[in-house]
Amino acid sequence: MLRTLSSIGASNRVVAYTVHEPPEPASVPTERADGIVFVKDGFNWWAFFVAPIWMLANRLWLPFIGYVAVAAALGGIIYALDLGATWATIVNLELNLIVAFEADSLQRWSLERKGWRMIGTVSGANMRECERRFFERWITKVESSSEAVQMDAQI
């Protein structure tokens, strides 16, 4: 496989996002676009290193309560079995690893519980490109649907 000079050092990394809209979006497309949230798919390093703080920062109250309950139960088991600090650290890292892999699902679940709906998915080289790609498709769809509504109103 030949590589061109322009591709040397180029990143082939692709990120994917799910796109969510609030339960009662604004009627004006520009205001409606401001309420849209992008949730990145994949491993979350912040959730791995500081899972409880990440949950609180993202207002994931129920997952936080579940995390604390599971961590306390596992800590109690480790203490009861007198396994020591090494096992406590390993178990804590494994718990944080699970949270880091499921961080995007936790965010989507929380949004869904609040009535938000997923309106699409998008992928690209970075967040900026994903937003551009999504809004290019979305704005034409929104404009065409508002034109159809206006035509129905005139008939």
# chains A, B, ... in the order shown; residues from 1 in each chain; ligands from 1
>>> residues_around(residues="Phe38 (chain A)", least_positions_apart="3", cutoff="9 Å", atoms="only C-alpha atoms", output="number ranges by chain")
A: 17-20, 121, 127, 131
>>> write_last_selection(atoms="all heavy atoms", output="tab-separated table (two decimals), in the first residue's frame")
chain	number	residue	atom	x	y	z
A	17	TYR	N	-20.61	10.19	17.73
A	17	TYR	CA	-21.47	10.83	18.72
A	17	TYR	C	-22.92	10.45	18.45
A	17	TYR	O	-23.31	10.28	17.29
A	17	TYR	CB	-21.37	12.36	18.65
A	17	TYR	CG	-20.05	12.92	19.12
A	17	TYR	CD1	-18.97	13.02	18.25
A	17	TYR	CD2	-19.89	13.35	20.43
A	17	TYR	CE1	-17.77	13.54	18.68
A	17	TYR	CE2	-18.68	13.88	20.85
A	17	TYR	CZ	-17.64	13.97	19.98
A	17	TYR	OH	-16.44	14.48	20.41
A	18	THR	N	-23.70	10.33	19.52
A	18	THR	CA	-25.15	10.28	19.36
A	18	THR	C	-25.65	11.68	19.65
A	18	THR	O	-25.07	12.40	20.47
A	18	THR	CB	-25.81	9.26	20.31
A	18	THR	OG1	-25.43	9.56	21.65
A	18	THR	CG2	-25.40	7.85	19.97
A	19	VAL	N	-26.72	12.08	18.97
A	19	VAL	CA	-27.22	13.44	19.07
A	19	VAL	C	-28.60	13.40	19.70
A	19	VAL	O	-29.46	12.62	19.30
A	19	VAL	CB	-27.28	14.09	17.67
A	19	VAL	CG1	-27.66	15.56	17.78
A	19	VAL	CG2	-25.96	13.94	16.94
A	20	HIS	N	-28.80	14.24	20.73
A	20	HIS	CA	-30.03	14.21	21.51
A	20	HIS	C	-30.68	15.59	21.55
A	20	HIS	O	-30.01	16.61	21.64
A	20	HIS	CB	-29.73	13.75	22.94
A	20	HIS	CG	-29.04	12.41	22.96
A	20	HIS	ND1	-29.73	11.25	23.09
A	20	HIS	CD2	-27.74	12.08	22.82
A	20	HIS	CE1	-28.88	10.24	23.07
A	20	HIS	NE2	-27.66	10.72	22.89
A	121	THR	N	-27.04	10.06	14.75
A	121	THR	CA	-25.66	9.73	15.07
A	121	THR	C	-24.79	10.38	14.01
A	121	THR	O	-25.23	10.62	12.88
A	121	THR	CB	-25.42	8.21	15.07
A	121	THR	OG1	-25.73	7.69	13.78
A	121	THR	CG2	-26.24	7.51	16.12
A	127	MET	N	-14.82	16.58	17.30
A	127	MET	CA	-16.13	17.11	17.67
A	127	MET	C	-16.60	18.19	16.70
A	127	MET	O	-17.76	18.21	16.30
A	127	MET	CB	-16.07	17.66	19.11
A	127	MET	CG	-17.32	18.36	19.56
A	127	MET	SD	-18.67	17.19	19.76
A	127	MET	CE	-19.79	18.17	20.71
A	131	GLU	N	-20.07	18.03	14.59
A	131	GLU	CA	-21.12	19.05	14.69
A	131	GLU	C	-21.45	19.63	13.32
A	131	GLU	O	-22.61	19.77	12.96
A	131	GLU	CB	-20.69	20.17	15.63
A	131	GLU	CG	-20.74	19.79	17.08
A	131	GLU	CD	-20.29	20.93	17.99
A	131	GLU	OE1	-19.54	21.82	17.54
A	131	GLU	OE2	-20.69	20.90	19.16
>>> select_by_dssp(residues="chain A", states="strand (DSSP E)", output="list in words")
Val15, Ala16, Tyr17, Thr18, Val19, His20, Glu21, Val37, Phe38, Val39, Lys40, Arg117, Met118, Ile119, Gly120, Thr121, Val122, Ser123 and Gly124 of chain A
>>> write_last_selection(atoms="N, CA and C atoms", output="JSON list (two decimals), in the first residue's frame")
[["chain", "number", "residue", "atom", "x", "y", "z"],
["A", 15, "VAL", "N", -14.19, 9.53, 15.60],
["A", 15, "VAL", "CA", -15.01, 9.55, 16.79],
["A", 15, "VAL", "C", -16.47, 9.55, 16.36],
["A", 16, "ALA", "N", -17.31, 8.99, 17.21],
["A", 16, "ALA", "CA", -18.74, 8.94, 16.92],
["A", 16, "ALA", "C", -19.52, 9.54, 18.07],
["A", 17, "TYR", "N", -20.61, 10.19, 17.73],
["A", 17, "TYR", "CA", -21.47, 10.83, 18.72],
["A", 17, "TYR", "C", -22.92, 10.45, 18.45],
["A", 18, "THR", "N", -23.70, 10.33, 19.52],
["A", 18, "THR", "CA", -25.15, 10.28, 19.36],
["A", 18, "THR", "C", -25.65, 11.68, 19.65],
["A", 19, "VAL", "N", -26.72, 12.08, 18.97],
["A", 19, "VAL", "CA", -27.22, 13.44, 19.07],
["A", 19, "VAL", "C", -28.60, 13.40, 19.70],
["A", 20, "HIS", "N", -28.80, 14.24, 20.73],
["A", 20, "HIS", "CA", -30.03, 14.21, 21.51],
["A", 20, "HIS", "C", -30.68, 15.59, 21.55],
["A", 21, "GLU", "N", -32.02, 15.57, 21.54],
["A", 21, "GLU", "CA", -32.81, 16.80, 21.55],
["A", 21, "GLU", "C", -33.68, 16.82, 22.81],
["A", 37, "VAL", "N", -27.64, 18.16, 22.25],
["A", 37, "VAL", "CA", -26.49, 17.66, 23.00],
["A", 37, "VAL", "C", -25.85, 16.50, 22.23],
["A", 38, "PHE", "N", -24.53, 16.50, 22.17],
["A", 38, "PHE", "CA", -23.76, 15.42, 21.54],
["A", 38, "PHE", "C", -23.13, 14.58, 22.65],
["A", 39, "VAL", "N", -23.32, 13.26, 22.60],
["A", 39, "VAL", "CA", -22.73, 12.34, 23.58],
["A", 39, "VAL", "C", -21.74, 11.45, 22.84],
["A", 40, "LYS", "N", -20.48, 11.53, 23.23],
["A", 40, "LYS", "CA", -19.41, 10.79, 22.55],
["A", 40, "LYS", "C", -19.47, 9.31, 22.91],
["A", 117, "ARG", "N", -34.76, 12.85, 23.40],
["A", 117, "ARG", "CA", -34.82, 11.78, 22.40],
["A", 117, "ARG", "C", -33.60, 11.85, 21.50],
["A", 118, "MET", "N", -33.14, 10.68, 21.09],
["A", 118, "MET", "CA", -32.00, 10.63, 20.19],
["A", 118, "MET", "C", -32.48, 10.93, 18.78],
["A", 119, "ILE", "N", -31.86, 11.90, 18.12],
["A", 119, "ILE", "CA", -32.30, 12.29, 16.78],
["A", 119, "ILE", "C", -31.30, 11.93, 15.71],
["A", 120, "GLY", "N", -30.18, 11.33, 16.10],
["A", 120, "GLY", "CA", -29.23, 10.93, 15.08],
["A", 120, "GLY", "C", -27.89, 10.51, 15.65],
["A", 121, "THR", "N", -27.04, 10.06, 14.75],
["A", 121, "THR", "CA", -25.66, 9.73, 15.07],
["A", 121, "THR", "C", -24.79, 10.38, 14.01],
["A", 122, "VAL", "N", -23.55, 10.63, 14.39],
["A", 122, "VAL", "CA", -22.63, 11.26, 13.45],
["A", 122, "VAL", "C", -21.21, 10.84, 13.82],
["A", 123, "SER", "N", -20.34, 10.76, 12.82],
["A", 123, "SER", "CA", -18.94, 10.43, 13.08],
["A", 123, "SER", "C", -18.05, 11.34, 12.26],
["A", 124, "GLY", "N", -16.83, 11.50, 12.74],
["A", 124, "GLY", "CA", -15.88, 12.36, 12.06],
["A", 124, "GLY", "C", -14.54, 12.33, 12.77]]
>>> select_by_dssp(residues="chain A", states="alpha helix (DSSP H)", output="MDAnalysis selection string")
chainID A and resid 29:34 45:49 51:57 61:80 85:113 127:154
>>> atom_distance(atom1="CA of Ser110 (chain A)", atom2="CA of Trp61 (chain A)")
8.9 Å
>>> closest_residue(among="A:Leu111, A:Ile77, A:Val142, A:Leu95", to="Val50 (chain A)", atoms="only C-alpha atoms")
A:Leu95
>>> residues_around(residues="Pro52 (chain A)", least_positions_apart="6", cutoff="10 Å", atoms="only C-alpha atoms", output="ChimeraX atom specification")
/A:46,58,60-61,63-65,67-68,96,99
>>> atom_distance(atom1="CA of Ala26 (chain A)", atom2="CA of Ile139 (chain A)")
13.9 Å
>>> atom_distance(atom1="CA of Ala100 (chain A)", atom2="CA of Ile36 (chain A)")
23.2 Å
